[in-house]
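File shown: query_8.cif (mmCIF, C-alpha atoms).
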```
data_data
#
loop_
_atom_site.label_atom_id
_atom_site.label_comp_id
_atom_site.auth_asym_id
_atom_site.auth_seq_id
_atom_site.Cartn_x
_atom_site.Cartn_y
_atom_site.Cartn_z
CA MET A 22 -14.35 16.42 8.91
CA THR A 23 -13.59 17.34 5.28
CA ASP A 24 -12.66 14.86 2.57
CA HIS A 25 -9.41 16.68 1.78
CA GLY A 26 -6.51 15.08 3.60
CA ARG A 27 -8.66 12.42 5.28
CA ILE A 28 -6.51 9.45 6.33
CA LEU A 29 -8.59 6.28 6.58
CA VAL A 30 -7.13 3.55 8.79
CA GLY A 31 -8.44 -0.02 9.09
CA ILE A 32 -8.31 -1.01 12.76
CA ASP A 33 -8.61 -4.65 13.83
CA GLY A 34 -7.17 -4.95 17.33
CA SER A 35 -3.90 -6.52 16.19
CA GLU A 36 -0.31 -5.29 16.41
CA ASP A 37 -0.36 -4.68 12.67
CA GLY A 38 -3.46 -2.52 13.07
CA ILE A 39 -1.72 -0.40 15.70
CA ARG A 40 1.35 -0.13 13.47
CA ALA A 41 -0.94 1.15 10.70
CA ALA A 42 -2.36 3.68 13.15
CA ARG A 43 1.16 4.88 14.05
CA PHE A 44 2.04 5.28 10.38
CA ALA A 45 -1.18 7.24 9.81
CA ILE A 46 -0.49 9.46 12.81
CA GLY A 47 2.93 10.28 11.39
CA ARG A 48 1.34 11.19 8.07
CA ALA A 49 -1.28 13.33 9.79
CA SER A 50 1.49 15.20 11.57
CA MET A 51 3.14 15.96 8.21
CA THR A 52 0.03 16.89 6.24
CA GLY A 53 -2.35 18.28 8.82
CA GLY A 54 -4.97 15.82 7.62
CA ASP A 55 -7.70 14.24 9.73
CA LEU A 56 -7.46 10.68 11.06
CA TRP A 57 -10.37 8.33 10.50
CA PHE A 58 -10.10 5.05 12.39
CA VAL A 59 -12.61 2.47 11.17
CA HIS A 60 -13.43 -1.05 12.30
CA GLY A 61 -15.75 -3.34 10.36
CA VAL A 62 -17.64 -5.85 12.52
CA ASP A 63 -17.98 -8.82 10.21
CA ASP A 64 -21.48 -10.12 10.92
CA SER A 65 -20.63 -13.36 9.11
CA VAL A 66 -18.60 -14.47 12.16
CA ALA A 67 -21.67 -14.25 14.37
CA THR A 68 -22.20 -17.91 13.53
CA GLY A 69 -19.16 -19.90 14.61
CA GLY A 70 -18.19 -23.49 14.13
CA TRP A 71 -20.37 -26.29 15.52
CA GLY A 72 -23.40 -24.00 15.31
CA VAL A 73 -22.22 -21.74 18.12
CA MET A 74 -23.84 -18.28 17.95
CA TYR A 75 -21.96 -15.15 18.99
CA ASP A 76 -23.63 -11.96 20.17
CA PRO A 77 -22.83 -9.25 17.56
CA SER A 78 -22.88 -6.65 20.34
CA ILE A 79 -19.86 -8.35 21.93
CA LEU A 80 -17.98 -8.18 18.65
CA LYS A 81 -18.92 -4.52 18.30
CA GLU A 82 -17.68 -3.76 21.81
CA ALA A 83 -14.36 -5.40 20.98
CA GLY A 84 -14.12 -3.29 17.83
CA GLN A 85 -14.89 -0.14 19.79
CA ALA A 86 -12.12 -0.97 22.24
CA ALA A 87 -9.66 -1.45 19.36
CA VAL A 88 -10.63 1.86 17.76
CA GLN A 89 -10.40 3.66 21.12
CA GLN A 90 -6.87 2.35 21.54
CA ALA A 91 -5.92 3.95 18.21
CA CYS A 92 -7.63 7.22 19.16
CA ASP A 93 -5.82 7.31 22.52
CA LEU A 94 -2.51 6.70 20.73
CA ALA A 95 -3.15 9.62 18.38
CA LEU A 96 -3.96 11.90 21.32
CA SER A 97 -0.81 10.82 23.16
CA LEU A 98 1.28 11.67 20.08
CA GLY A 99 -0.04 15.21 19.85
CA ILE A 100 -2.92 15.03 17.36
CA ASP A 101 -5.74 17.42 18.26
CA SER A 102 -8.93 15.63 19.24
CA ALA A 103 -10.87 17.62 16.63
CA ARG A 104 -8.85 15.84 13.93
CA ILE A 105 -9.50 12.32 15.23
CA HIS A 106 -12.62 10.49 14.07
CA SER A 107 -13.77 6.90 14.35
CA ASP A 108 -16.50 4.53 13.22
CA VAL A 109 -17.41 0.99 14.18
CA VAL A 110 -19.69 -0.44 11.51
CA ILE A 111 -21.40 -3.82 11.26
CA GLY A 112 -20.52 -5.23 7.86
CA ASN A 113 -17.81 -7.01 5.93
CA PRO A 114 -14.53 -5.13 6.58
CA VAL A 115 -13.57 -5.10 2.90
CA GLY A 116 -16.95 -3.70 1.91
CA VAL A 117 -16.91 -1.12 4.70
CA LEU A 118 -13.42 0.15 3.90
CA SER A 119 -14.08 0.09 0.16
CA GLU A 120 -17.10 2.32 0.63
CA PHE A 121 -15.35 4.65 3.07
CA SER A 122 -12.32 4.90 0.76
CA LYS A 123 -14.48 6.97 -1.61
CA ARG A 124 -14.27 9.76 0.98
CA ALA A 125 -10.58 9.46 1.85
CA GLU A 126 -7.26 10.62 0.44
CA ILE A 127 -5.44 7.46 1.48
CA LEU A 128 -6.21 4.11 3.13
CA ILE A 129 -3.72 2.54 5.53
CA LEU A 130 -3.84 -1.09 6.67
CA GLY A 131 -1.77 -3.49 8.72
CA ARG A 132 -0.31 -6.24 6.56
CA ARG A 133 -1.82 -9.18 8.36
CA ALA A 134 -3.51 -9.98 11.64
CA SER A 135 -1.80 -12.71 13.61
CA SER A 136 -3.45 -11.74 16.88
CA GLY A 137 -6.37 -9.75 18.18
CA LEU A 138 -9.62 -9.94 16.24
CA GLU A 139 -7.87 -12.00 13.59
CA ARG A 140 -10.99 -13.18 11.78
CA MET A 141 -11.87 -9.57 10.99
CA PHE A 142 -8.74 -8.67 9.03
CA VAL A 143 -6.74 -11.47 7.51
CA GLY A 144 -4.35 -11.33 4.58
CA SER A 145 -7.21 -11.49 2.10
CA THR A 146 -8.46 -8.10 3.32
CA SER A 147 -5.43 -6.30 1.91
CA THR A 148 -5.47 -8.12 -1.40
CA SER A 149 -9.23 -7.70 -1.78
CA LEU A 150 -8.94 -3.97 -1.15
CA VAL A 151 -6.31 -3.71 -3.88
CA ALA A 152 -9.15 -4.34 -6.28
CA SER A 153 -11.82 -2.21 -4.64
CA SER A 154 -10.23 0.78 -2.89
CA SER A 155 -11.09 4.12 -4.44
CA CYS A 156 -7.94 5.77 -3.11
CA PRO A 157 -4.26 4.79 -2.87
CA MET A 158 -3.57 2.23 -0.13
CA VAL A 159 -0.50 1.73 2.06
CA VAL A 160 0.06 -1.65 3.71
CA ILE A 161 2.49 -1.87 6.63
CA SER A 162 3.65 -4.62 8.98
CA ALA A 163 4.49 -4.40 12.66
CA ALA A 164 6.95 -7.27 12.21
CA SER A 165 9.00 -5.85 9.32
CA THR A 166 8.79 -2.14 10.21
CA PRO A 167 8.18 -1.80 13.95
CA GLU A 168 9.89 1.60 14.15
CA LEU A 169 9.13 4.90 12.44
CA THR A 170 9.91 4.98 8.72
CA GLY A 171 11.43 7.77 6.64
CA ASP A 172 15.13 7.62 7.48
CA CYS A 173 16.24 6.47 4.02
CA GLY A 174 14.96 9.49 2.10
CA VAL A 175 14.08 7.31 -0.91
CA ILE A 176 10.77 6.28 -2.45
CA THR A 177 10.92 3.59 -5.12
CA VAL A 178 8.30 3.34 -7.85
CA ALA A 179 8.22 0.03 -9.69
CA MET A 180 7.46 0.51 -13.36
CA GLY A 181 5.79 -2.52 -14.82
CA GLY A 182 3.41 -1.11 -17.38
CA SER A 183 2.19 1.98 -19.17
CA GLY A 184 0.83 5.05 -17.43
CA ASP A 185 2.22 7.49 -14.92
CA THR A 186 -0.39 7.45 -12.14
CA ALA A 187 1.74 5.53 -9.64
CA LEU A 188 4.81 7.61 -10.52
CA ARG A 189 2.99 10.89 -10.02
CA TRP A 190 1.61 9.70 -6.70
CA GLY A 191 5.10 8.63 -5.65
CA CYS A 192 6.46 12.05 -6.61
CA GLN A 193 3.80 13.81 -4.56
CA GLU A 194 4.69 11.61 -1.61
CA ALA A 195 8.41 12.27 -2.06
CA GLN A 196 7.83 16.01 -2.24
CA LEU A 197 5.83 15.83 0.98
CA ARG A 198 8.62 13.91 2.73
CA GLY A 199 11.58 15.72 1.22
CA ALA A 200 12.75 12.45 -0.34
CA LYS A 201 14.02 11.45 -3.77
CA VAL A 202 12.36 9.06 -6.22
CA GLU A 203 13.91 6.02 -7.83
CA VAL A 204 12.06 4.50 -10.76
CA ILE A 205 12.97 0.84 -11.08
CA HIS A 206 12.25 -1.69 -13.78
CA ILE A 207 13.10 -5.35 -13.33
CA ILE A 208 14.23 -7.06 -16.51
CA PRO A 209 13.67 -10.83 -16.68
CA ASP A 210 16.86 -12.84 -16.83
CA GLN A 211 15.59 -14.40 -20.05
CA PRO A 212 13.26 -12.12 -22.07
CA ALA A 213 10.76 -14.02 -24.16
CA THR A 214 11.11 -14.18 -27.92
CA VAL A 215 8.32 -14.58 -30.42
CA MET A 216 8.90 -18.31 -30.09
CA SER A 217 9.18 -18.42 -26.32
CA PHE A 218 10.97 -21.77 -26.26
CA ILE A 219 13.92 -20.28 -28.18
CA PRO A 220 16.36 -18.32 -25.95
CA ALA A 221 16.84 -14.69 -26.93
CA SER A 222 20.23 -13.82 -28.35
CA PRO A 223 22.43 -11.20 -26.62
CA ALA A 224 21.62 -8.75 -29.44
CA GLN A 225 17.88 -9.35 -29.07
CA THR A 226 18.13 -8.91 -25.31
CA SER A 227 20.04 -5.62 -25.64
CA GLN A 228 17.54 -4.28 -28.15
CA TRP A 229 14.63 -5.25 -25.94
CA GLU A 230 16.20 -3.63 -22.87
CA ALA A 231 16.88 -0.43 -24.84
CA ARG A 232 13.24 -0.26 -25.96
CA VAL A 233 12.01 -0.78 -22.39
CA LEU A 234 14.30 1.91 -21.00
CA ALA A 235 13.28 4.35 -23.74
CA GLY A 236 9.63 3.73 -22.88
CA ILE A 237 10.23 4.42 -19.19
CA GLU A 238 12.13 7.61 -20.02
CA GLN A 239 9.17 8.79 -22.10
CA VAL A 240 6.89 8.33 -19.08
CA VAL A 241 9.29 9.95 -16.62
CA GLU A 242 10.24 13.00 -18.69
CA PRO A 243 6.93 14.94 -18.46
CA VAL A 244 6.58 14.02 -14.79
CA GLN A 245 10.05 15.42 -14.09
CA LEU A 246 9.01 18.68 -15.77
CA ASP A 247 6.09 18.91 -13.34
CA TYR A 248 8.43 18.29 -10.39
CA PRO A 249 11.56 20.25 -11.39
CA ASP A 250 12.99 20.34 -7.86
CA LEU A 251 12.54 16.63 -7.24
CA GLU A 252 15.39 14.20 -7.84
CA ILE A 253 14.13 11.35 -10.03
CA THR A 254 16.48 8.61 -11.17
CA ILE A 255 15.84 5.59 -13.37
CA LYS A 256 17.45 2.22 -13.00
CA SER A 257 16.89 -1.18 -14.50
CA GLN A 258 18.28 -4.45 -13.32
CA ARG A 259 17.95 -8.08 -14.22
CA GLY A 260 16.43 -10.66 -11.95
CA VAL A 261 13.21 -12.20 -10.68
CA LEU A 262 10.61 -9.47 -10.21
CA VAL A 263 9.40 -10.36 -6.71
CA GLU A 264 12.86 -11.17 -5.35
CA GLU A 265 14.32 -7.90 -6.64
CA LEU A 266 11.47 -5.77 -5.29
CA ILE A 267 11.69 -7.40 -1.87
CA GLN A 268 15.42 -6.77 -1.80
CA GLU A 269 14.81 -3.17 -2.89
CA SER A 270 12.32 -2.72 -0.05
CA SER A 271 15.07 -3.15 2.55
CA ARG A 272 16.71 0.16 1.63
CA VAL A 273 13.82 2.52 0.93
CA ASP A 274 11.06 4.25 2.90
CA LEU A 275 8.20 3.26 0.63
CA LEU A 276 7.71 0.94 -2.34
CA VAL A 277 5.03 2.12 -4.78
CA LEU A 278 3.31 -0.38 -7.07
CA GLY A 279 0.86 0.50 -9.80
CA VAL A 280 -1.97 -2.01 -9.95
CA ARG A 281 -4.90 -2.46 -12.29
CA PRO A 282 -8.39 -2.67 -10.76
CA ARG A 283 -9.65 -6.20 -11.20
CA PRO A 284 -11.78 -8.80 -9.41
CA ALA A 285 -10.31 -9.58 -5.99
CA ILE A 286 -10.00 -13.25 -6.80
CA VAL A 287 -7.44 -12.39 -9.50
CA VAL A 288 -5.25 -10.20 -7.31
CA GLY A 289 -2.23 -12.19 -6.29
CA GLY A 290 1.02 -13.25 -7.86
CA PRO A 291 3.71 -10.57 -7.55
CA VAL A 292 1.52 -8.13 -5.61
CA ARG A 293 0.56 -10.70 -3.00
CA ALA A 294 4.16 -11.88 -2.65
CA VAL A 295 5.54 -8.36 -2.24
CA LEU A 296 2.87 -7.51 0.33
CA ALA A 297 3.73 -10.63 2.29
CA HIS A 298 7.49 -10.14 2.39
CA SER A 299 8.28 -6.44 1.91
CA ASN A 300 10.67 -4.86 4.40
CA CYS A 301 9.05 -1.45 4.07
CA PRO A 302 5.51 -0.09 3.69
CA VAL A 303 3.99 -0.78 0.27
CA ALA A 304 1.75 1.71 -1.53
CA LEU A 305 -0.73 0.35 -4.05
CA VAL A 306 -2.01 2.87 -6.58
CA ASN A 307 -4.65 2.01 -9.17
CA ARG A 308 -3.49 3.00 -12.62
#
```

As C-alpha cells, the full file:
Amino acid sequence: MTDHGRILVGIDGSEDGIRAARFAIGRASMTGGDLWFVHGVDDSVATGGWGVMYDPSILKEAGQAAVQQACDLALSLGIDSARIHSDVVIGNPVGVLSEFSKRAEILILGRRASSGLERMFVGSTSTSLVASSSCPMVVISAASTPELTGDCGVITVAMGGSGDTALRWGCQEAQLRGAKVEVIHIIPDQPATVMSFIPASPAQTSQWEARVLAGIEQVVEPVQLDYPDLEITIKSQRGVLVEELIQESSRVDLLVLGVRPRPAIVVGGPVRAVLAHSNCPVALVNR
C-alpha cells in the first residue's frame, strides 16, 4: 500500500462509521486510491463504572468485526481486495487516527456514534481530530446523508480568513468530481465598528463589505488561473455564520471549511455547530 491516494477511514461499528466507509468507497472508485479501515481500541474503557474490568481482547474482537464489515462492503461494491487494508490498534482512537493520518491523503469519519461501540467514537473524536489530523478530513452522517452524495454538482468553500489552502483543496475536489466551486462569505448583520457598541452606519457597512469582497477576489484570482477550466463563483450574504452555512449545506455536495490547527479543547464554536447540523459532508482543511 502506497501513501499516494490512501483513504483512511475511522471505523467504530456504528451506522455513521458504515456511512463513512460507503463515502470512502465511492471516493476510491473515483480516484483508484487504496482504502484503509482503522479501528482504535480505547484501552481506557477497559475499566468500567463501579470498578468493573473488561477484557481488552473482547473489545479488540468487536473492533475486528466492525472493520471486517467495512471490508466486506468494499468488496461487495467492486473494490479489488488488493486495495483494501485494515488495522485494529489498541490505543486512543484520536491518537491512533492522528498518527495514521500522516500516511494518508484524506481521513473520513462518521459524524457521531449513537449506536455500536459508542464509547470509542463520540462527537469529541471529530472535533479533536480537527486539531490533530495531518491530512484533510471529511465528516459525514448516516442520518443527514444516508444516500450517495454528488448529485448537486457544487462544492462550497467558506471563506472566513486569509489563505487559499482550503480553496485549492476544494478546487482539486471539484475537478475530480466534475463539479463547480462556490466561494461563500457570510457577512454579519451588524459589522463591528471601532467602538463596538456604536452601530455601523450604512456607508461604513458598504465600505466594509467592499473591502471584504475585494480581499476574497484577490485570493480567488490566482487560484482561478491555476484551474482555468473550473467554474468558480463568489457570493457574499448577510446573516448568522452557522445558520447560513447549515442552510447552504442542504444544496451542495460538500462544504469545505478552512480551520487553524489549535489545541483540541479550543475547537468548537462554529465548526462544532456546523459538524453537528450540516446536511452534507463537511471537509475540514488545515490552513

List every protein, DNA or RNA residue with an atom no more than 10 Å from (-7.5, 10.5, 9.2) in the file's coordinates, counting all atoms listed in the file, and format the result as a ChimeraX atom specification.
/A:22-30,42,45-46,48-49,53-59,104-107,125-129

Could you save those same residues with C-alpha atoms as a PDB file, in the coordinates of the input?
```pdb
ATOM      1  CA  MET A  22     -14.350  16.420   8.910  1.00  0.00           C
ATOM      2  CA  THR A  23     -13.590  17.340   5.280  1.00  0.00           C
ATOM      3  CA  ASP A  24     -12.660  14.860   2.570  1.00  0.00           C
ATOM      4  CA  HIS A  25      -9.410  16.680   1.780  1.00  0.00           C
ATOM      5  CA  GLY A  26      -6.510  15.080   3.600  1.00  0.00           C
ATOM      6  CA  ARG A  27      -8.660  12.420   5.280  1.00  0.00           C
ATOM      7  CA  ILE A  28      -6.510   9.450   6.330  1.00  0.00           C
ATOM      8  CA  LEU A  29      -8.590   6.280   6.580  1.00  0.00           C
ATOM      9  CA  VAL A  30      -7.130   3.550   8.790  1.00  0.00           C
ATOM     10  CA  ALA A  42      -2.360   3.680  13.150  1.00  0.00           C
ATOM     11  CA  ALA A  45      -1.180   7.240   9.810  1.00  0.00           C
ATOM     12  CA  ILE A  46      -0.490   9.460  12.810  1.00  0.00           C
ATOM     13  CA  ARG A  48       1.340  11.190   8.070  1.00  0.00           C
ATOM     14  CA  ALA A  49      -1.280  13.330   9.790  1.00  0.00           C
ATOM     15  CA  GLY A  53      -2.350  18.280   8.820  1.00  0.00           C
ATOM     16  CA  GLY A  54      -4.970  15.820   7.620  1.00  0.00           C
ATOM     17  CA  ASP A  55      -7.700  14.240   9.730  1.00  0.00           C
ATOM     18  CA  LEU A  56      -7.460  10.680  11.060  1.00  0.00           C
ATOM     19  CA  TRP A  57     -10.370   8.330  10.500  1.00  0.00           C
ATOM     20  CA  PHE A  58     -10.100   5.050  12.390  1.00  0.00           C
ATOM     21  CA  VAL A  59     -12.610   2.470  11.170  1.00  0.00           C
ATOM     22  CA  ARG A 104      -8.850  15.840  13.930  1.00  0.00           C
ATOM     23  CA  ILE A 105      -9.500  12.320  15.230  1.00  0.00           C
ATOM     24  CA  HIS A 106     -12.620  10.490  14.070  1.00  0.00           C
ATOM     25  CA  SER A 107     -13.770   6.900  14.350  1.00  0.00           C
ATOM     26  CA  ALA A 125     -10.580   9.460   1.850  1.00  0.00           C
ATOM     27  CA  GLU A 126      -7.260  10.620   0.440  1.00  0.00           C
ATOM     28  CA  ILE A 127      -5.440   7.460   1.480  1.00  0.00           C
ATOM     29  CA  LEU A 128      -6.210   4.110   3.130  1.00  0.00           C
ATOM     30  CA  ILE A 129      -3.720   2.540   5.530  1.00  0.00           C
TER      31      ILE A 129
END
```

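Our summary of the geometry notes that atom CA of Thr170 of chain A is positioned 21.8 Å from atom CA of Val263 of chain A.
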
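For the structure shown here, the set of residues caught by the PyMOL selection byres ((chain A and resi 162) around 8) is Asp37, Arg40, Ala41, Gly131, Arg132, Arg133, Val160, Ile161, Ala163, Ala164, Ser165, Thr166, Pro167, Cys301 and Pro302 of chain A.
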
Could you write those residues out with C-alpha atoms, as a PDB file, in the frame of the given file?
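part24.pdb written:
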```pdb
ATOM      1  CA  ASP A  37      -0.360  -4.680  12.670  1.00  0.00           C
ATOM      2  CA  ARG A  40       1.350  -0.130  13.470  1.00  0.00           C
ATOM      3  CA  ALA A  41      -0.940   1.150  10.700  1.00  0.00           C
ATOM      4  CA  GLY A 131      -1.770  -3.490   8.720  1.00  0.00           C
ATOM      5  CA  ARG A 132      -0.310  -6.240   6.560  1.00  0.00           C
ATOM      6  CA  ARG A 133      -1.820  -9.180   8.360  1.00  0.00           C
ATOM      7  CA  VAL A 160       0.060  -1.650   3.710  1.00  0.00           C
ATOM      8  CA  ILE A 161       2.490  -1.870   6.630  1.00  0.00           C
ATOM      9  CA  ALA A 163       4.490  -4.400  12.660  1.00  0.00           C
ATOM     10  CA  ALA A 164       6.950  -7.270  12.210  1.00  0.00           C
ATOM     11  CA  SER A 165       9.000  -5.850   9.320  1.00  0.00           C
ATOM     12  CA  THR A 166       8.790  -2.140  10.210  1.00  0.00           C
ATOM     13  CA  PRO A 167       8.180  -1.800  13.950  1.00  0.00           C
ATOM     14  CA  CYS A 301       9.050  -1.450   4.070  1.00  0.00           C
ATOM     15  CA  PRO A 302       5.510  -0.090   3.690  1.00  0.00           C
TER      16      PRO A 302
END
```

Residues near Leu118 of chain A, cut-off 10 Å, only C-alpha atoms, skip fewer than 2 positions along chain, as a PyMOL selection string
chain A and resi 29-31+59-61+110+112-116+120-123+125+128+146+150+153-155

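When the PyMOL selection byres ((chain A and resi 306) around 9) is run on the displayed coordinates, the residues it returns are A:Val151, A:Cys156, A:Pro157, A:Met158, A:Val159, A:Thr186, A:Ala187, A:Trp190, A:Val277, A:Leu278, A:Gly279, A:Val280, A:Arg281, A:Ala304, A:Leu305, A:Asn307, A:Arg308.
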
Selection result of the PyMOL selection byres ((chain A and resi 203) around 10) on this file, as a CSV table (one decimal) with C-alpha atoms, in the frame of the given file:
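Output file selection-v1.csv follows:
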```csv
chain,number,residue,atom,x,y,z
A,175,VAL,CA,14.1,7.3,-0.9
A,176,ILE,CA,10.8,6.3,-2.4
A,177,THR,CA,10.9,3.6,-5.1
A,178,VAL,CA,8.3,3.3,-7.8
A,179,ALA,CA,8.2,0.0,-9.7
A,188,LEU,CA,4.8,7.6,-10.5
A,191,GLY,CA,5.1,8.6,-5.6
A,192,CYS,CA,6.5,12.0,-6.6
A,200,ALA,CA,12.8,12.4,-0.3
A,201,LYS,CA,14.0,11.4,-3.8
A,202,VAL,CA,12.4,9.1,-6.2
A,204,VAL,CA,12.1,4.5,-10.8
A,205,ILE,CA,13.0,0.8,-11.1
A,206,HIS,CA,12.2,-1.7,-13.8
A,252,GLU,CA,15.4,14.2,-7.8
A,253,ILE,CA,14.1,11.4,-10.0
A,254,THR,CA,16.5,8.6,-11.2
A,255,ILE,CA,15.8,5.6,-13.4
A,256,LYS,CA,17.4,2.2,-13.0
A,273,VAL,CA,13.8,2.5,0.9
A,276,LEU,CA,7.7,0.9,-2.3
```

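Here the question is which of A:Met180, A:Leu266, A:Leu275, A:Ile207 gets nearest to Ala195 of chain A using only C-alpha atoms, and that residue is A:Leu275.
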
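Of note, atom CA of Gly84 of chain A and atom CA of Val109 of chain A are spaced 6.5 Å apart.
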